[in-house]
>>> print(open('query28.txt').read())   # compact mmCIF, C-alpha atoms
# COMPACT_ATOMS: atom_id res chain seq x y z
CA MET V 1 111.02 157.29 112.67
CA ASN V 2 110.75 157.94 108.95
CA ILE V 3 113.47 159.13 106.59
CA GLU V 4 112.73 162.81 107.26
CA ASP V 5 112.98 162.24 111.03
CA VAL V 6 116.41 160.66 110.58
CA ARG V 7 117.54 163.52 108.32
CA THR V 8 116.45 165.98 111.02
CA ALA V 9 118.30 164.04 113.73
CA LEU V 10 121.49 163.93 111.67
CA SER V 11 121.29 167.64 110.89
CA ALA V 12 120.96 168.37 114.61
CA GLY V 13 123.83 166.03 115.49
CA ASN V 14 121.44 163.85 117.49
CA LEU V 15 123.10 160.53 116.70
CA ALA V 16 121.58 158.75 119.68
CA ALA V 17 118.16 159.04 118.04
CA LEU V 18 119.20 156.40 115.50
CA ILE V 19 120.00 153.72 118.10
CA GLY V 20 117.42 150.95 117.90
CA LEU V 21 116.32 151.69 114.35
CA GLU V 22 116.21 148.81 111.90
CA GLU V 23 118.01 148.97 108.58
CA CYS V 24 115.43 149.13 105.83
CA GLY V 25 114.79 150.06 102.22
CA TRP V 26 115.82 153.68 102.84
CA MET V 27 118.60 153.37 105.44
CA ASP V 28 121.87 151.44 105.60
CA VAL V 29 124.62 151.92 108.19
CA LYS V 30 128.30 151.08 107.92
CA SER V 31 130.77 150.69 110.76
CA ALA V 32 133.79 151.63 108.60
CA PRO V 33 134.41 153.95 105.65
CA TYR V 34 134.87 152.89 102.05
CA MET V 35 138.64 152.67 101.59
CA VAL V 36 138.51 153.77 97.96
CA ASP V 37 142.20 154.66 97.76
CA THR V 38 143.46 151.21 98.71
CA GLU V 39 140.63 148.75 98.03
CA PRO V 40 139.34 148.74 94.42
CA HIS V 41 136.19 146.80 95.30
CA HIS V 42 135.27 149.50 97.83
CA LYS V 43 134.81 151.89 94.89
CA GLU V 44 132.34 149.44 93.39
CA GLU V 45 130.54 148.96 96.71
CA LEU V 46 130.15 152.72 97.21
CA VAL V 47 128.54 153.38 93.83
CA LYS V 48 126.44 150.22 94.11
CA ASP V 49 125.04 151.30 97.50
CA VAL V 50 124.35 154.87 96.36
CA ALA V 51 122.74 153.86 93.05
CA GLY V 52 120.61 151.30 94.89
CA PHE V 53 118.98 154.07 96.93
CA ALA V 54 118.62 156.26 93.81
CA ASN V 55 116.55 153.45 92.30
CA THR V 56 113.96 153.59 95.10
CA ALA V 57 110.90 155.81 95.21
CA THR V 58 111.98 157.28 98.56
CA GLY V 59 115.71 157.83 98.13
CA GLY V 60 117.81 156.83 101.10
CA LEU V 61 120.50 157.46 103.68
CA LEU V 62 123.87 155.72 103.68
CA ILE V 63 125.41 156.42 107.08
CA ILE V 64 129.02 155.62 107.95
CA GLY V 65 129.89 155.49 111.64
CA PHE V 66 127.35 153.16 113.29
CA LYS V 67 127.45 149.51 114.30
CA ALA V 68 124.50 147.23 113.71
CA THR V 69 123.65 143.88 115.28
CA LYS V 70 121.73 141.13 113.54
CA ALA V 71 118.99 139.11 115.18
CA ASN V 72 116.36 136.99 113.43
CA GLY V 73 117.55 138.28 110.10
CA VAL V 74 117.09 141.95 111.06
CA GLU V 75 119.97 144.46 111.29
CA THR V 76 119.42 146.95 114.11
CA VAL V 77 121.54 150.05 114.78
CA SER V 78 123.22 149.32 118.08
CA GLU V 79 125.85 152.01 118.74
CA VAL V 80 127.75 154.96 117.36
CA ASN V 81 131.11 153.89 115.96
CA ALA V 82 132.63 157.24 114.92
CA VAL V 83 135.28 156.94 112.23
CA PRO V 84 138.45 159.05 111.82
CA ARG V 85 137.86 162.06 109.59
CA LYS V 86 141.18 161.49 107.85
CA LEU V 87 139.90 158.14 106.50
CA VAL V 88 136.81 159.67 104.89
CA ASP V 89 137.62 161.23 101.53
CA THR V 90 134.37 162.95 100.60
CA GLU V 91 135.90 164.55 97.50
CA THR V 92 136.81 161.15 96.07
CA TYR V 93 133.46 159.67 97.12
CA ARG V 94 131.57 162.40 95.26
CA LYS V 95 133.82 162.15 92.19
CA LEU V 96 133.34 158.38 91.98
CA ILE V 97 129.58 158.71 92.27
CA ASP V 98 129.48 161.40 89.60
CA GLU V 99 131.69 159.36 87.27
CA ARG V 100 130.16 155.92 87.71
CA VAL V 101 126.44 156.43 88.35
CA TYR V 102 124.27 157.30 85.36
CA PRO V 103 122.24 159.44 85.05
CA HIS V 104 123.43 162.16 87.41
CA ILE V 105 121.90 161.97 90.91
CA GLU V 106 120.29 165.30 91.70
CA GLY V 107 120.62 166.78 95.19
CA LEU V 108 123.17 164.29 96.54
CA GLU V 109 124.58 165.51 99.87
CA LEU V 110 127.56 164.30 101.90
CA ARG V 111 127.43 165.66 105.43
CA TRP V 112 129.97 165.16 108.22
CA VAL V 113 128.75 165.09 111.83
CA GLU V 114 131.62 165.85 114.19
CA CYS V 115 131.95 163.68 117.31
CA GLY V 116 135.24 165.05 118.67
CA ASP V 117 138.82 163.77 118.72
CA GLY V 118 138.97 163.96 114.93
CA LYS V 119 136.17 161.42 114.53
CA GLY V 120 132.61 161.60 113.34
CA VAL V 121 129.81 160.17 111.23
CA LEU V 122 129.29 160.66 107.50
CA SER V 123 125.80 160.81 106.02
CA ILE V 124 125.38 160.27 102.28
CA ASP V 125 121.88 161.52 101.52
CA ILE V 126 120.32 160.40 98.25
CA PRO V 127 117.03 162.29 97.69
CA ALA V 128 114.13 160.68 95.84
CA GLN V 129 114.83 160.97 92.11
CA PRO V 130 112.34 161.54 89.31
CA ALA V 131 110.75 158.30 88.10
CA SER V 132 111.73 159.26 84.56
CA ALA V 133 115.42 159.12 85.57
CA ARG V 134 115.28 155.54 86.83
CA PRO V 135 116.87 153.07 86.55
CA PHE V 136 120.28 154.39 87.61
CA VAL V 137 123.03 152.19 86.24
CA ILE V 138 126.67 151.58 87.10
CA PRO V 139 129.55 149.65 85.52
CA PRO V 140 129.41 145.94 86.40
CA PRO V 141 131.80 144.92 89.20
CA THR V 142 135.25 143.75 88.13
CA LYS V 143 137.07 143.69 91.50
CA LYS V 144 139.75 145.77 89.78
CA ASP V 145 140.78 149.40 90.02
CA SER V 146 139.63 150.09 86.46
CA GLN V 147 135.95 150.03 85.53
CA SER V 148 134.19 148.24 82.70
CA VAL V 149 133.36 150.58 79.81
CA THR V 150 131.01 148.26 77.94
CA GLY V 151 128.63 146.56 80.37
CA LEU V 152 126.20 147.92 82.95
CA ALA V 153 124.51 146.78 86.14
CA VAL V 154 121.38 147.95 87.94
CA PRO V 155 121.55 147.94 91.76
CA VAL V 156 118.26 147.95 93.69
CA ARG V 157 117.20 147.68 97.32
CA ARG V 158 115.68 144.42 98.53
CA GLY V 159 114.66 145.06 102.12
CA ASP V 160 117.83 146.12 103.92
CA GLN V 161 120.15 144.78 101.19
CA THR V 162 121.42 146.20 97.89
CA VAL V 163 121.42 143.64 95.08
CA PHE V 164 121.71 143.66 91.31
CA TRP V 165 118.93 142.98 88.88
CA SER V 166 119.10 139.38 87.77
CA ARG V 167 119.35 138.58 84.07
CA GLN V 168 115.70 137.53 84.17
CA GLU V 169 114.64 140.84 85.76
CA ALA V 170 116.72 142.88 83.32
CA HIS V 171 115.25 140.96 80.38
CA ARG V 172 111.68 141.37 81.65
CA ARG V 173 112.01 145.13 82.01
CA LEU V 174 113.91 145.60 78.75
CA SER V 175 111.29 143.53 76.97
CA ALA V 176 108.53 145.71 78.41
CA GLY V 177 110.30 148.84 77.21
CA TRP V 178 110.97 147.27 73.82
CA MET V 179 107.27 146.46 73.44
CA ALA V 180 106.27 149.97 74.52
CA ILE V 181 108.52 151.96 72.18
CA GLY V 182 109.10 149.43 69.43
CA ALA V 183 112.14 147.48 68.35
CA PRO V 184 115.03 149.41 66.77
CA ALA V 185 114.83 149.45 62.98
CA ALA V 186 117.70 148.30 60.81
CA ASP V 187 118.33 151.94 59.94
CA ASP V 188 117.10 154.55 62.40
CA SER V 189 119.01 157.38 60.77
CA GLY V 190 115.81 159.08 59.60
CA VAL V 191 114.35 159.02 63.09
CA HIS V 192 117.57 160.38 64.59
CA ARG V 193 117.76 163.09 61.94
CA ALA V 194 114.17 164.17 62.61
CA ALA V 195 114.84 164.28 66.34
CA GLU V 196 117.97 166.36 65.85
CA GLU V 197 116.10 168.80 63.60
CA SER V 198 113.34 169.12 66.20
CA VAL V 199 115.83 169.91 68.97
CA ALA V 200 117.61 172.39 66.72
CA LEU V 201 114.32 174.14 65.95
CA HIS V 202 112.64 174.14 69.37
CA GLY V 203 115.26 173.10 71.92
CA ASN V 204 117.77 175.82 71.11
CA THR V 205 115.26 178.57 71.83
CA ALA V 206 114.23 177.04 75.15
CA ASP V 207 117.81 176.33 76.18
CA ARG V 208 118.87 179.86 75.24
CA SER V 209 116.15 181.27 77.51
CA LYS V 210 117.29 179.14 80.42
CA ALA V 211 120.93 180.10 79.79
CA GLN V 212 119.96 183.78 79.95
CA ARG V 213 118.21 183.25 83.28
CA ILE V 214 121.32 181.56 84.68
CA LEU V 215 123.53 184.44 83.55
CA ALA V 216 121.10 186.95 85.06
CA ALA V 217 121.35 185.18 88.44
CA MET V 218 125.12 184.72 88.17
CA PRO V 219 126.69 187.36 85.88
CA PHE V 220 130.32 186.98 84.93
CA ASP V 221 131.28 190.17 86.81
CA ALA V 222 129.39 189.39 90.04
CA PRO V 223 131.58 190.61 92.95
CA TRP V 224 130.94 187.47 94.99
CA LEU V 225 132.02 185.31 92.05
CA ARG V 226 135.23 187.31 91.65
CA MET V 227 135.94 186.89 95.34
CA LEU V 228 135.65 183.10 95.04
CA GLN V 229 137.80 183.09 91.91
CA GLY V 230 140.57 184.76 93.91
CA ARG V 231 140.85 181.44 95.81
CA LEU V 232 141.89 183.13 99.03
CA PRO V 233 141.90 181.14 102.29
CA MET V 234 138.34 180.61 103.52
CA ARG V 235 139.04 181.47 107.15
CA ARG V 236 136.67 184.43 106.96
CA VAL V 237 133.97 185.37 104.41
CA ARG V 238 132.17 188.71 104.24
CA ALA V 239 128.46 188.52 105.04
CA ASP V 240 127.52 190.46 101.90
CA VAL V 241 129.19 187.69 99.87
CA THR V 242 127.22 184.92 101.59
CA ARG V 243 123.99 186.92 101.13
CA ALA V 244 124.73 187.40 97.41
CA ILE V 245 125.37 183.67 96.99
CA ASP V 246 122.07 182.90 98.75
CA THR V 247 120.27 185.36 96.44
CA ALA V 248 121.78 183.71 93.37
CA TRP V 249 120.76 180.30 94.71
CA ASP V 250 117.17 181.43 95.27
CA ALA V 251 116.93 182.61 91.66
CA LEU V 252 118.52 179.46 90.28
CA ILE V 253 116.51 176.98 92.37
CA ALA V 254 113.25 178.74 91.43
CA ASP V 255 114.08 177.87 87.81
CA ASN V 256 115.37 174.38 88.52
CA ASP V 257 112.21 172.53 87.48
CA ILE V 258 112.63 173.81 83.92
CA LYS V 259 115.28 171.55 82.42
CA PHE V 260 117.64 172.03 79.53
CA LEU V 261 116.76 169.92 76.48
CA ASP V 262 120.37 169.33 75.43
CA HIS V 263 121.66 166.25 77.30
CA GLU V 264 125.15 167.67 77.82
CA LEU V 265 123.65 170.78 79.40
CA VAL V 266 121.36 168.70 81.63
CA ASP V 267 124.34 166.90 83.18
CA ALA V 268 126.53 170.02 83.43
CA HIS V 269 123.71 172.02 85.05
CA ALA V 270 122.89 169.27 87.57
CA THR V 271 126.56 169.06 88.63
CA PHE V 272 126.71 172.84 88.89
CA MET V 273 123.60 173.05 91.09
CA ASP V 274 124.86 170.27 93.36
CA SER V 275 128.19 172.06 93.76
CA LEU V 276 126.49 175.35 94.61
CA ARG V 277 124.27 173.61 97.17
CA ARG V 278 127.34 172.05 98.74
CA LEU V 279 129.14 175.42 98.89
CA ILE V 280 126.15 177.02 100.61
CA ASN V 281 125.98 174.17 103.14
CA GLU V 282 129.65 174.67 103.99
CA LEU V 283 129.22 178.45 104.32
CA ASP V 284 126.18 177.92 106.55
CA SER V 285 128.37 175.93 108.93
CA MET V 286 130.66 178.95 109.52
CA HIS V 287 130.28 180.90 112.75
CA ASP V 288 128.92 184.37 113.42
CA PRO V 289 131.51 186.03 115.70
CA ASP V 290 128.77 188.20 117.27
CA ASN V 291 126.58 185.17 118.05
CA GLY V 292 123.62 186.72 116.28
CA SER V 293 123.48 189.82 118.48
CA SER V 294 123.69 192.07 115.42
CA PRO V 295 123.88 191.65 111.64
CA PRO V 296 127.37 190.19 111.16
CA ALA V 297 129.95 191.81 108.92
CA TYR V 298 131.43 188.38 108.22
CA VAL V 299 131.33 184.71 109.17
CA GLU V 300 134.42 182.73 110.06
CA VAL V 301 136.01 179.47 111.10
CA PRO V 302 136.52 180.07 114.83
CA PRO V 303 140.18 181.13 115.21
CA GLU V 304 140.36 179.54 118.67
CA TRP V 305 140.04 176.12 116.97
CA LYS V 306 143.53 176.66 115.59
CA ARG V 307 144.82 176.19 119.15
CA SER V 308 142.16 174.07 120.82
CA ASP V 309 141.38 171.69 117.93
CA PRO V 310 143.88 172.18 115.09
CA GLU V 311 142.75 169.08 113.19
CA ARG V 312 139.15 170.29 113.11
CA TYR V 313 140.32 173.76 112.10
CA GLN V 314 142.37 172.51 109.16
CA GLN V 315 139.68 170.05 108.05
CA THR V 316 137.01 172.76 108.09
CA LEU V 317 139.23 175.01 105.96
CA ALA V 318 139.85 172.10 103.58
CA ASP V 319 136.10 171.39 103.30
CA LEU V 320 135.35 175.05 102.56
CA SER V 321 138.11 175.32 99.97
CA GLY V 322 137.09 172.01 98.41
CA ALA V 323 133.47 173.13 98.09
CA ARG V 324 134.54 176.46 96.57
CA ASP V 325 136.90 174.80 94.07
CA ALA V 326 134.29 172.19 93.09
CA PHE V 327 131.76 174.98 92.48
CA LEU V 328 134.17 176.99 90.34
CA GLU V 329 135.07 173.89 88.34
CA ALA V 330 131.40 172.98 87.81
CA ARG V 331 130.56 176.56 86.82
CA THR V 332 133.41 176.62 84.29
CA GLU V 333 132.20 173.34 82.78
CA LEU V 334 128.63 174.68 82.56
CA MET V 335 129.82 177.88 80.87
CA ASN V 336 131.91 175.84 78.41
CA SER V 337 128.92 173.63 77.66
CA LEU V 338 126.76 176.71 77.04
CA ASN V 339 129.45 178.12 74.78
CA ARG V 340 129.78 174.87 72.79
CA SER V 341 126.03 175.01 72.25
CA GLY V 342 126.24 178.60 71.01
CA LEU V 343 124.21 179.94 73.93
CA LEU V 344 126.69 182.56 75.20
CA SER V 345 126.76 184.62 72.01
>>> encode(input="query28.txt", output="structure tokens")
Amino acid sequence: MNIEDVRTALSAGNLAALIGLEECGWMDVKSAPYMVDTEPHHKEELVKDVAGFANTATGGLLIIGFKATKANGVETVSEVNAVPRKLVDTETYRKLIDERVYPHIEGLELRWVECGDGKGVLSIDIPAQPASARPFVIPPPTKKDSQSVTGLAVPVRRGDQTVFWSRQEAHRRLSAGWMAIGAPAADDSGVHRAAEESVALHGNTADRSKAQRILAAMPFDAPWLRMLQGRLPMRRVRADVTRAIDTAWDALIADNDIKFLDHELVDAHATFMDSLRRLINELDSMHDPDNGSSPPAYVEVPPEWKRSDPERYQQTLADLSGARDAFLEARTELMNSLNRSGLLS
């Protein structure tokens, strides 16, 4: 199986398909979650593992909820070891990754596969990133709850392991870049000033055009946006709202290859798009009460779960609300960034 086959199996809930696979440069399995609330070094391990996959040409899958056995130096997936949902804090995982991995990882997805009895498997999917974005860097490990704000480390995959660049490797690559672009001058102020003037002249026009396209796809008075801003319980969502969100997504993703030139806007837009993708994924997991027999008026979290599986019911509501709130927060930050750049006037 290749990485796309494993993604398909996970999406279908076919966990048995992974049994017998070997860990490799694009897949790593964990038998237990990262306990980021109680173990400071688990925070460092999470961002190290994720950034390691971001630094590959293929991307990768970090899957929590499988055991692996080692024989002749090879780790092989041996059995499903579903973990309690209450121990997996996807909100904190995503926040840590966003805060500690630079640059922003585009298209990151955290997907929960339910196994019953409040347990399941978590897939952290890191898509292949543009070569121009690599290397992805993180703060160096400190084994403490706080992170270093001065140093950096570069995690990479070596076979089925994630390791850091050695000093020799970092020097070799920095030296190559230094030779390619030239050593920094004693005073680069003229270069920086010329670059700033160029962005002001050309970048502002391009960024303004992209901002206008975003506002056209997602106007301030869009009914679906107002509905989300009401922050009502997400037990049931009207179908016209989900269709409007899908339409906005289609317009935004069609324009996604054209990037902002302003670095602040690049990061804010990437976070916004990831949050919208996550919201759509959560909405897609809601149920059609008519089972597809006719165009639905709404989708819902099955009300019978409230009695038959209350933990699943409450967790699904929490996931939906969390995705909505993260989207609204990311949209607000994007709008503020556009405003600071003078692109909303």
>>> closest_residue(input="query28.txt", among="V:Ile3, V:Ile280, V:Val154, V:Leu344", to="Asp250 (chain V)", atoms="all atoms listed in the file")
V:Ile280
>>> atom_distance(input="query28.txt", atom1="CA of Pro233 (chain V)", atom2="CA of Phe220 (chain V)")
21.7 Å
>>> closest_residue(input="query28.txt", among="V:Thr38, V:Thr150, V:Gln229, V:Thr247", to="Ile138 (chain V)", atoms="only C-alpha atoms")
V:Thr150
>>> residues_near_point(input="query28.txt", point="(133.7, 163.9, 85.5)", cutoff="12 Å", atoms="all atoms listed in the file", output="NGL selection string")
:V and (92 or 94-102 or 104 or 267-268 or 271-272 or 326 or 329-330 or 333)
>>> atom_distance(input="query28.txt", atom1="CA of Gly60 (chain V)", atom2="CA of Val83 (chain V)")
20.7 Å
>>> atom_distance(input="query28.txt", atom1="CA of Gly177 (chain V)", atom2="CA of Ile126 (chain V)")
26.0 Å
>>> residues_around(input="query28.txt", residues="Leu110 (chain V)", least_positions_apart="4", cutoff="7 Å", atoms="all atoms listed in the file", output="list in words")
Leu122, Ser123, Ile124 and Asp125 of chain V
>>> closest_residue(input="query28.txt", among="V:Phe327, V:Trp112, V:Trp178, V:Trp224", to="Ser285 (chain V)", atoms="only C-alpha atoms")
V:Trp112
>>> closest_residue(input="query28.txt", among="V:Ser337, V:Ser31, V:Ser275, V:Asn55", to="Val121 (chain V)", atoms="all atoms listed in the file")
V:Ser31
>>> closest_residue(input="query28.txt", among="V:Ala297, V:Ala211, V:Val74, V:Asn256", to="Val241 (chain V)", atoms="all atoms listed in the file")
V:Ala297
>>> closest_residue(input="query28.txt", among="V:Glu79, V:His263, V:Leu10, V:Arg226", to="Arg111 (chain V)", atoms="all atoms listed in the file")
V:Leu10
>>> residues_around(input="query28.txt", residues="Gly118 (chain V)", least_positions_apart="6", cutoff="9 Å", atoms="all atoms listed in the file", output="mmCIF file with C-alpha atoms, keeping the file's coordinate frame")
data_model
loop_
_atom_site.group_PDB
_atom_site.id
_atom_site.type_symbol
_atom_site.label_atom_id
_atom_site.label_comp_id
_atom_site.auth_asym_id
_atom_site.auth_seq_id
_atom_site.Cartn_x
_atom_site.Cartn_y
_atom_site.Cartn_z
ATOM 1 C CA VAL V 83 135.280 156.940 112.230
ATOM 2 C CA PRO V 84 138.450 159.050 111.820
ATOM 3 C CA ARG V 85 137.860 162.060 109.590
ATOM 4 C CA LYS V 86 141.180 161.490 107.850
ATOM 5 C CA ASP V 309 141.380 171.690 117.930
ATOM 6 C CA GLU V 311 142.750 169.080 113.190
ATOM 7 C CA ARG V 312 139.150 170.290 113.110
#
>>> residues_around(input="query28.txt", residues="region 320-324 of chain V", least_positions_apart="2", cutoff="12 Å", atoms="only C-alpha atoms", output="PyMOL selection string")
chain V and resi 89-92+94+109-110+224-237+245+272+274-286+300-301+313-318+326-331
